[in-house]
$ cat input15.txt   # compact mmCIF, C-alpha atoms
# COMPACT_ATOMS: atom_id res chain seq x y z
CA MET C 1 -19.75 4.85 -39.40
CA LEU C 2 -18.71 2.67 -36.45
CA ALA C 3 -20.52 -0.39 -37.78
CA PRO C 4 -17.77 -1.32 -40.29
CA VAL C 5 -15.11 -0.91 -37.58
CA THR C 6 -17.06 -3.11 -35.17
CA ARG C 7 -17.61 -5.68 -37.91
CA ALA C 8 -13.92 -5.69 -38.81
CA LEU C 9 -12.87 -6.11 -35.17
CA SER C 10 -15.31 -8.96 -34.59
CA VAL C 11 -13.93 -10.93 -37.55
CA LEU C 12 -10.36 -10.86 -36.25
CA PRO C 13 -9.48 -13.38 -33.52
CA ALA C 14 -8.65 -12.15 -30.04
CA ARG C 15 -5.05 -12.37 -28.84
CA ARG C 16 -4.26 -15.33 -26.59
CA GLN C 17 -2.57 -14.74 -23.28
CA ALA C 18 0.71 -16.55 -22.56
CA SER C 19 -0.88 -18.03 -19.42
CA ASP C 20 -3.70 -19.55 -21.50
CA PRO C 21 -3.44 -23.34 -21.04
CA GLY C 22 -4.48 -23.90 -24.66
CA ALA C 23 -1.80 -21.53 -25.95
CA ASN C 24 0.89 -23.16 -28.03
CA PRO C 25 4.21 -21.27 -27.77
CA GLN C 26 5.03 -22.23 -31.37
CA ALA C 27 1.60 -21.19 -32.70
CA VAL C 28 1.20 -18.33 -35.14
CA ARG C 29 1.23 -14.95 -33.42
CA LEU C 30 -2.26 -13.45 -33.30
CA PRO C 31 -2.69 -9.78 -34.21
CA SER C 32 -2.12 -7.22 -31.47
CA PRO C 33 -4.85 -4.72 -30.58
CA SER C 34 -2.98 -2.13 -32.64
CA ASP C 35 -2.91 -4.47 -35.65
CA ARG C 36 -6.60 -5.18 -35.21
CA LEU C 37 -7.39 -1.48 -35.05
CA LYS C 38 -5.29 -0.87 -38.15
CA ALA C 39 -7.21 -3.61 -39.96
CA ALA C 40 -10.50 -2.06 -38.86
CA VAL C 41 -9.42 1.37 -40.16
CA HIS C 42 -8.34 -0.23 -43.45
CA TYR C 43 -11.70 -2.00 -43.75
CA THR C 44 -13.64 1.19 -43.00
CA VAL C 45 -11.59 3.22 -45.49
CA GLY C 46 -12.22 0.52 -48.09
CA CYS C 47 -15.98 0.72 -47.46
CA LEU C 48 -15.94 4.51 -47.70
CA CYS C 49 -13.90 4.38 -50.91
CA GLU C 50 -16.39 1.90 -52.40
CA GLU C 51 -19.23 4.24 -51.48
CA VAL C 52 -17.52 7.25 -53.05
CA ALA C 53 -16.54 5.19 -56.10
CA SER C 54 -20.13 4.14 -56.72
CA ASP C 55 -21.43 7.70 -56.26
CA LYS C 56 -18.80 9.29 -58.51
CA GLU C 57 -18.50 6.37 -60.95
CA MET C 58 -14.76 5.95 -60.41
CA GLN C 59 -12.41 3.38 -58.91
CA PHE C 60 -9.73 3.33 -56.22
CA SER C 61 -6.70 1.08 -56.49
CA LYS C 62 -5.72 -1.17 -53.58
CA GLN C 63 -2.55 0.89 -53.13
CA THR C 64 -4.58 4.10 -52.85
CA ILE C 65 -6.88 2.58 -50.24
CA ALA C 66 -3.84 1.30 -48.33
CA ALA C 67 -2.18 4.73 -48.45
CA ILE C 68 -5.35 6.50 -47.25
CA SER C 69 -5.69 3.91 -44.46
CA GLU C 70 -2.09 4.37 -43.33
CA VAL C 71 -2.32 8.17 -43.31
CA THR C 72 -5.64 8.01 -41.45
CA PHE C 73 -4.22 5.66 -38.82
CA GLN C 74 -1.12 7.84 -38.33
CA GLN C 75 -3.27 10.96 -38.02
CA CYS C 76 -5.45 9.26 -35.40
CA GLU C 77 -2.33 8.30 -33.44
CA ASN C 78 -1.17 11.92 -33.59
CA PHE C 79 -4.59 13.11 -32.41
CA ALA C 80 -4.48 10.70 -29.48
CA LYS C 81 -0.99 11.89 -28.47
CA ASP C 82 -2.03 15.54 -28.77
CA LEU C 83 -5.14 15.00 -26.66
CA GLU C 84 -3.05 13.25 -24.02
CA MET C 85 -0.55 16.14 -23.99
CA PHE C 86 -3.33 18.77 -23.71
CA ALA C 87 -4.77 17.00 -20.67
CA ARG C 88 -1.32 16.47 -19.13
CA HIS C 89 -0.47 20.16 -19.68
CA ALA C 90 -3.62 21.05 -17.72
CA LYS C 91 -2.45 18.65 -14.99
CA ARG C 92 -5.35 16.28 -15.62
CA SER C 93 -5.39 12.56 -16.32
CA THR C 94 -8.70 12.70 -18.19
CA ILE C 95 -9.26 14.12 -21.66
CA ASN C 96 -12.31 16.38 -21.79
CA THR C 97 -14.25 18.30 -24.44
CA GLU C 98 -12.04 21.36 -24.07
CA ASP C 99 -9.08 19.24 -25.19
CA VAL C 100 -11.03 18.02 -28.22
CA LYS C 101 -12.02 21.60 -29.08
CA LEU C 102 -8.38 22.63 -28.83
CA LEU C 103 -7.45 19.79 -31.19
CA ALA C 104 -10.12 20.90 -33.69
CA ARG C 105 -9.24 24.60 -33.53
CA ARG C 106 -7.78 24.69 -37.06
CA SER C 107 -10.99 23.46 -38.68
CA ASN C 108 -13.75 26.00 -38.13
CA SER C 109 -16.50 23.67 -39.34
CA LEU C 110 -15.31 20.80 -37.14
CA LEU C 111 -14.91 23.10 -34.13
CA LYS C 112 -18.44 24.45 -34.69
CA TYR C 113 -19.83 20.92 -34.97
CA ILE C 114 -18.06 19.74 -31.80
CA THR C 115 -19.22 22.83 -29.89
CA GLU C 116 -22.83 22.31 -30.99
CA LYS C 117 -22.75 18.63 -30.02
CA ASN C 118 -21.20 19.51 -26.66
CA GLU C 119 -23.98 22.03 -26.02
CA ASP C 120 -26.63 19.50 -27.07
CA ILE C 121 -25.21 16.91 -24.67
CA ALA C 122 -25.02 19.47 -21.84
CA GLN C 123 -28.64 20.50 -22.46
CA PHE C 124 -29.76 16.86 -22.53
CA ASN C 125 -27.94 16.19 -19.24
CA LEU C 126 -29.58 19.24 -17.61
CA GLU C 127 -33.03 18.09 -18.75
CA ARG C 128 -32.36 14.56 -17.49
CA LYS C 129 -31.22 15.90 -14.10
CA ALA C 130 -34.33 18.11 -13.88
CA LYS C 131 -36.61 15.14 -14.68
CA LYS C 132 -34.83 12.97 -12.12
CA LYS C 133 -35.11 15.70 -9.47
CA LYS C 134 -38.82 16.21 -10.23
CA LYS C 135 -39.42 12.45 -10.05
CA LEU C 136 -37.69 12.26 -6.65
CA GLU C 137 -39.73 15.22 -5.39
CA ASP C 138 -42.96 13.59 -6.61
CA GLU C 139 -42.03 10.30 -4.93
CA ASN C 140 -41.22 12.11 -1.68
CA LYS C 141 -44.46 14.09 -1.89
CA ASN C 142 -46.50 10.93 -2.54
CA SER C 143 -44.85 9.05 0.32
CA VAL C 144 -45.49 11.95 2.74
CA GLU C 145 -49.18 12.41 1.80
CA PRO C 146 -50.36 8.90 2.86
CA ALA C 147 -48.58 9.33 6.17
CA GLU C 148 -50.33 12.67 6.74
CA ALA C 149 -53.67 11.10 5.77
CA GLY C 150 -53.11 8.34 8.31
CA VAL C 151 -52.38 10.89 11.05
CA ALA C 152 -55.52 12.86 10.16
CA GLU C 153 -57.69 9.68 10.30
CA SER C 154 -56.29 8.68 13.69
CA GLU C 155 -57.09 12.14 15.08
CA ASN C 156 -60.80 11.76 14.09
$ encode --input "input15.txt" --output "structure tokens"
Amino acid sequence: MLAPVTRALSVLPARRQASDPGANPQAVRLPSPSDRLKAAVHYTVGCLCEEVASDKEMQFSKQTIAAISEVTFQQCENFAKDLEMFARHAKRSTINTEDVKLLARRSNSLLKYITEKNEDIAQFNLERKAKKKKKLEDENKNSVEPAEAGVAESEN
């Protein structure tokens, strides 16, 4: 799903800084990050509409794709603002999974999915920590054993 967005962003030129020595003040204004993101959303919506159109043997007009893109972009902006407000209300500067769950509370299936993924990630992190701890213990054990063997040999 992110591949079309990445592809769309890579096609668009990066914005030049005013301090760039090669920048021409009368040159055409390059798209802002927001414009680039909007273009990426439009591209992704277009790809998804093409996919649905081929599956369902129907067509989407350019105006329909543009309308879906605009509504999607506005909804994402609203989500971002809501997440920021949830974190701010909790006197935090970082958005966490609890904020995302709060955002998804009206969609039971989405909330269930997010909760399951959060639990999967937490389980994975616990397993990774346990492996790392075991590896450190094994390394410490192995580094102590040769030293003990050397002491035993010197005593003989």
$ atom_distance --input "input15.txt" --atom1 "atom CA of C:Phe79" --atom2 "atom CA of C:Asn96"
13.5 Å
$ atom_distance --input "input15.txt" --atom1 "atom CA of C:Arg105" --atom2 "atom CA of C:Asp120"
19.2 Å
$ atom_distance --input "input15.txt" --atom1 "atom CA of C:Ala66" --atom2 "atom CA of C:Arg29"
22.6 Å
$ closest_residue --input "input15.txt" --among "C:Ser69, C:Ser34, C:Thr94, C:Ser143" --to "C:Cys47" --atoms "all atoms listed in the file"
C:Ser69
$ residues_around --input "input15.txt" --residues "C:Thr115" --least-positions-apart "6" --cutoff "10 Å" --atoms "all atoms listed in the file" --output "list in words"
Thr97, Glu98, Val100, Lys101, Ser109 and Ile121 of chain C
$ closest_residue --input "input15.txt" --among "C:Val28, C:Leu37, C:Ala80, C:Val52" --to "C:Leu103" --atoms "only C-alpha atoms"
C:Ala80
